[in-house]
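J.: The following file, query_12.csv, comprises CSV, C-alpha atoms:
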chain,number,residue,atom,x,y,z
Z,1,MET,CA,-21.8,-11.0,-34.4
Z,2,LYS,CA,-19.2,-9.0,-32.6
Z,3,THR,CA,-17.1,-6.1,-33.8
Z,4,LEU,CA,-13.4,-5.6,-33.0
Z,5,ILE,CA,-11.5,-2.4,-33.6
Z,6,LEU,CA,-7.8,-2.9,-33.8
Z,7,MET,CA,-5.6,0.3,-33.7
Z,8,ARG,CA,-1.9,0.8,-33.8
Z,9,HIS,CA,-0.9,3.6,-31.4
Z,10,ALA,CA,-0.5,7.1,-33.0
Z,11,LYS,CA,2.9,8.4,-34.1
Z,12,SER,CA,5.4,8.6,-31.3
Z,13,SER,CA,8.4,10.8,-30.8
Z,14,TRP,CA,12.0,9.7,-30.8
Z,15,LYS,CA,13.2,13.1,-29.8
Z,16,ASP,CA,14.4,12.2,-26.3
Z,17,HIS,CA,16.9,9.4,-26.7
Z,18,ASP,CA,17.2,9.0,-23.0
Z,19,LEU,CA,13.7,7.7,-22.7
Z,20,SER,CA,13.0,4.0,-22.8
Z,21,ASP,CA,10.8,2.7,-25.7
Z,22,PHE,CA,8.0,2.2,-23.2
Z,23,GLU,CA,8.1,5.9,-22.1
Z,24,ARG,CA,8.1,7.5,-25.6
Z,25,PRO,CA,5.3,10.1,-25.9
Z,26,LEU,CA,3.2,11.0,-28.9
Z,27,LYS,CA,4.4,13.5,-31.5
Z,28,LYS,CA,2.2,16.5,-32.4
Z,29,ARG,CA,1.2,14.6,-35.6
Z,30,GLY,CA,0.3,11.6,-33.4
Z,31,LYS,CA,-2.1,13.7,-31.3
Z,32,LYS,CA,-3.7,15.1,-34.4
Z,33,ASP,CA,-4.1,11.6,-35.9
Z,34,ALA,CA,-5.6,10.2,-32.7
Z,35,GLN,CA,-8.1,13.1,-32.8
Z,36,ALA,CA,-8.9,12.3,-36.4
Z,37,MET,CA,-9.5,8.6,-35.6
Z,38,ALA,CA,-11.8,9.7,-32.7
Z,39,ALA,CA,-13.8,11.7,-35.2
Z,40,ILE,CA,-14.2,8.6,-37.4
Z,41,LEU,CA,-15.3,6.5,-34.5
Z,42,MET,CA,-18.1,9.0,-33.8
Z,43,GLU,CA,-19.0,9.6,-37.4
Z,44,LYS,CA,-19.3,5.9,-38.2
Z,45,GLU,CA,-21.0,5.2,-34.8
Z,46,LEU,CA,-18.2,2.8,-33.9
Z,47,LEU,CA,-17.6,3.8,-30.3
Z,48,PRO,CA,-16.4,0.8,-28.4
Z,49,GLN,CA,-18.0,-0.5,-25.2
Z,50,LYS,CA,-14.6,-1.4,-23.9
Z,51,LEU,CA,-11.1,-0.3,-24.7
Z,52,MET,CA,-8.0,-2.2,-23.9
Z,53,ALA,CA,-4.6,-0.5,-24.6
Z,54,SER,CA,-1.0,-1.2,-24.0
Z,55,SER,CA,0.2,0.6,-20.9
Z,56,ALA,CA,3.1,2.1,-22.9
Z,57,LYS,CA,2.9,5.9,-22.8
Z,58,ARG,CA,2.2,6.4,-26.5
Z,59,ALA,CA,-0.6,3.8,-26.6
Z,60,ARG,CA,-2.1,5.0,-23.3
Z,61,ARG,CA,-2.1,8.6,-24.6
Z,62,THR,CA,-3.7,7.5,-27.9
Z,63,ALA,CA,-6.5,5.9,-25.9
Z,64,GLU,CA,-6.9,9.0,-23.6
Z,65,ILE,CA,-7.2,11.3,-26.7
Z,66,LEU,CA,-9.9,9.0,-28.2
Z,67,ILE,CA,-11.9,9.1,-25.0
Z,68,GLU,CA,-11.4,12.9,-24.6
Z,69,GLU,CA,-12.3,13.7,-28.2
Z,70,THR,CA,-15.4,11.5,-28.2
Z,71,LYS,CA,-16.6,13.0,-24.9
Z,72,THR,CA,-17.5,9.6,-23.7
Z,73,ASP,CA,-16.7,7.5,-20.7
Z,74,ILE,CA,-15.6,4.4,-22.6
Z,75,PRO,CA,-14.2,1.9,-19.9
Z,76,ALA,CA,-10.5,1.7,-20.6
Z,77,GLU,CA,-7.9,-0.8,-19.3
Z,78,TYR,CA,-4.2,-0.1,-19.7
Z,79,LEU,CA,-2.5,-3.5,-19.8
Z,80,GLU,CA,1.2,-4.2,-19.6
Z,81,GLN,CA,0.7,-7.5,-21.4
Z,82,LEU,CA,-0.4,-5.5,-24.5
Z,83,TYR,CA,3.1,-3.9,-24.8
Z,84,MET,CA,4.6,-5.6,-27.8
Z,85,ALA,CA,2.0,-8.4,-27.4
Z,86,GLU,CA,2.0,-11.4,-29.7
Z,87,ILE,CA,-1.1,-13.3,-31.0
Z,88,PRO,CA,-1.8,-15.6,-28.0
Z,89,VAL,CA,-2.1,-12.5,-25.6
Z,90,PHE,CA,-4.7,-10.9,-27.8
Z,91,PHE,CA,-6.8,-14.1,-27.9
Z,92,GLU,CA,-6.5,-14.6,-24.2
Z,93,LEU,CA,-7.7,-11.1,-23.5
Z,94,LEU,CA,-10.5,-11.1,-26.1
Z,95,GLN,CA,-11.8,-14.5,-24.9
Z,96,SER,CA,-12.3,-13.0,-21.4
Z,97,VAL,CA,-14.5,-10.1,-22.6
Z,98,PRO,CA,-18.0,-10.3,-21.3
Z,99,ASP,CA,-20.5,-11.5,-23.9
Z,100,GLU,CA,-22.8,-8.6,-23.5
Z,101,LEU,CA,-20.2,-6.3,-25.1
Z,102,GLU,CA,-20.6,-6.2,-28.8
Z,103,ARG,CA,-17.8,-3.8,-29.8
Z,104,VAL,CA,-14.3,-3.9,-28.3
Z,105,MET,CA,-11.2,-1.9,-29.2
Z,106,ILE,CA,-7.6,-2.8,-28.7
Z,107,ILE,CA,-4.8,-0.2,-29.0
Z,108,GLY,CA,-1.4,-1.8,-29.4
Z,109,HIS,CA,1.9,-2.0,-31.3
Z,110,ASN,CA,3.3,-3.6,-34.4
Z,111,PRO,CA,4.1,-6.2,-35.4
Z,112,GLY,CA,1.4,-7.7,-33.1
Z,113,ILE,CA,-1.6,-5.6,-34.2
Z,114,GLU,CA,-0.8,-6.2,-37.9
Z,115,SER,CA,-0.3,-9.9,-37.3
Z,116,LEU,CA,-3.7,-10.1,-35.5
Z,117,VAL,CA,-5.5,-8.4,-38.4
Z,118,GLN,CA,-3.8,-10.7,-40.9
Z,119,MET,CA,-4.7,-13.8,-38.8
Z,120,LEU,CA,-8.3,-12.9,-38.4
Z,121,SER,CA,-9.0,-11.7,-41.9
Z,122,SER,CA,-6.5,-13.6,-44.0
Z,123,GLN,CA,-5.5,-10.3,-45.5
Z,124,ILE,CA,-2.1,-8.6,-45.4
Z,125,GLU,CA,-2.6,-5.0,-44.6
Z,126,SER,CA,-0.2,-2.3,-43.5
Z,127,LEU,CA,-1.2,-0.5,-40.3
Z,128,PRO,CA,0.9,2.6,-40.0
Z,129,ALA,CA,0.9,4.5,-36.7
Z,130,GLY,CA,-2.6,5.7,-35.9
Z,131,ALA,CA,-4.4,3.4,-38.2
Z,132,MET,CA,-7.5,1.4,-37.3
Z,133,ALA,CA,-8.9,-1.9,-38.6
Z,134,LEU,CA,-12.6,-2.7,-38.3
Z,135,VAL,CA,-13.1,-6.5,-38.0
Z,136,SER,CA,-16.4,-8.3,-38.0
Z,137,VAL,CA,-16.2,-11.4,-35.7
Z,138,PRO,CA,-18.9,-14.1,-36.4
Z,139,VAL,CA,-19.5,-15.3,-32.8
Z,140,LYS,CA,-22.1,-14.9,-30.1
Z,141,SER,CA,-19.6,-15.3,-27.4
Z,142,TRP,CA,-16.0,-13.9,-27.3
Z,143,LYS,CA,-14.9,-17.3,-25.9
Z,144,GLU,CA,-15.6,-18.7,-29.4
Z,145,LEU,CA,-12.9,-16.5,-30.9
Z,146,THR,CA,-10.0,-18.7,-32.1
Z,147,PRO,CA,-7.1,-18.3,-34.5
Z,148,GLU,CA,-8.9,-20.6,-36.9
Z,149,LEU,CA,-12.0,-18.5,-37.1
Z,150,LYS,CA,-12.6,-16.6,-40.4
Z,151,CYS,CA,-13.4,-13.0,-39.7
Z,152,ASP,CA,-14.0,-10.1,-42.2
Z,153,LEU,CA,-11.9,-7.0,-42.4
Z,154,ILE,CA,-14.8,-4.5,-42.9
Z,155,ASP,CA,-12.7,-1.3,-43.2
Z,156,LEU,CA,-9.3,0.2,-42.7
Z,157,TYR,CA,-8.9,3.8,-41.5
Z,158,LYS,CA,-5.5,5.4,-41.9
Z,159,PRO,CA,-4.3,8.9,-41.0
Z,160,LYS,CA,-4.7,11.3,-44.0
Z,161,HIS,CA,-1.0,11.7,-44.6
Z,162,GLU,CA,-0.7,7.9,-44.9
Z,163,LYS,CA,-3.3,7.7,-47.6
Z,164,GLU,CA,-1.3,10.0,-49.8
Z,165,LYS,CA,1.7,7.6,-49.9
Rewrite the coordinates I just gave you, this time as structure tokens.

T.:
Amino acid sequence: MKTLILMRHAKSSWKDHDLSDFERPLKKRGKKDAQAMAAILMEKELLPQKLMASSAKRARRTAEILIEETKTDIPAEYLEQLYMAEIPVFFELLQSVPDELERVMIIGHNPGIESLVQMLSSQIESLPAGAMALVSVPVKSWKELTPELKCDLIDLYKPKHEKEK
């Protein structure tokens, strides 16, 4: 059994219209939400053994805050192919994860992250900025992960202000 943590990057800023989408930073609220998600990872003992994040500024910063706040040295990769990635990219990356790793985290963007949660769990869930989905993957080897595999959505963690809606 493997565990997959799928997170949408924290809330980003649209303040500077001269910046490209790729270069948009986090808002103050996004930083706070990332810190709150880091606290959940520690409290629930869900620290990943590997983190893969989009190399877009907002996703990269979300990952950096998680690592800083958990005071760990989680190995992180910042991958251009995760920027606006579609389903096949996620599977290709996950199938290349070493089998000794039990818990892996991906930080990416919508609609890809939501689509992946839906495909794996057969559940339609909204992932607002900063939200995390905890998915149980019934495999011994990451190579066994396929789009047809039925996984379980164990939990969904959303920033506090999102829960109030």

J.: Find the residue from Z:Leu156, Z:Met84, Z:Leu145, Z:Leu4 that sits nearest to Leu51 of chain Z; use only C-alpha atoms when measuring.

T.: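 That would be Z:Leu4, the residue with the smallest distance to Leu51 of chain Z.
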
J.: Need the shell around Pro138 of chain Z: protein/DNA/RNA residues with any atom at most 8 Å away, counting only C-alpha atoms. Skip same-chain ones fewer than 6 positions apart. Format as an MDAnalysis selection string?

T.: chainID Z and resid 1:2 150:151

J.: Rounded to one decimal in Å, what is the spacing between atom CA of Leu149 of chain Z and atom CA of Leu120 of chain Z?

T.: 6.8 Å

J.: Hey, can you check how far atom CA of Asn110 of chain Z sits from atom CA of Asp155 of chain Z?

T.: 18.4 Å

J.: Can you tell me, as a VMD selection string, what residues are no more than 7 Å from Thr3 of chain Z when counting all atoms listed in the file, ignoring any on the same chain fewer than 6 positions away?

T.: chain Z and resid 102 to 104 135 to 137

J.: Measuring between all atoms listed in the file, which one of Z:Ile65, Z:Ala56, Z:Leu19, Z:Leu153 shows the shortest distance to Gln35 of chain Z?

T.: Z:Ile65
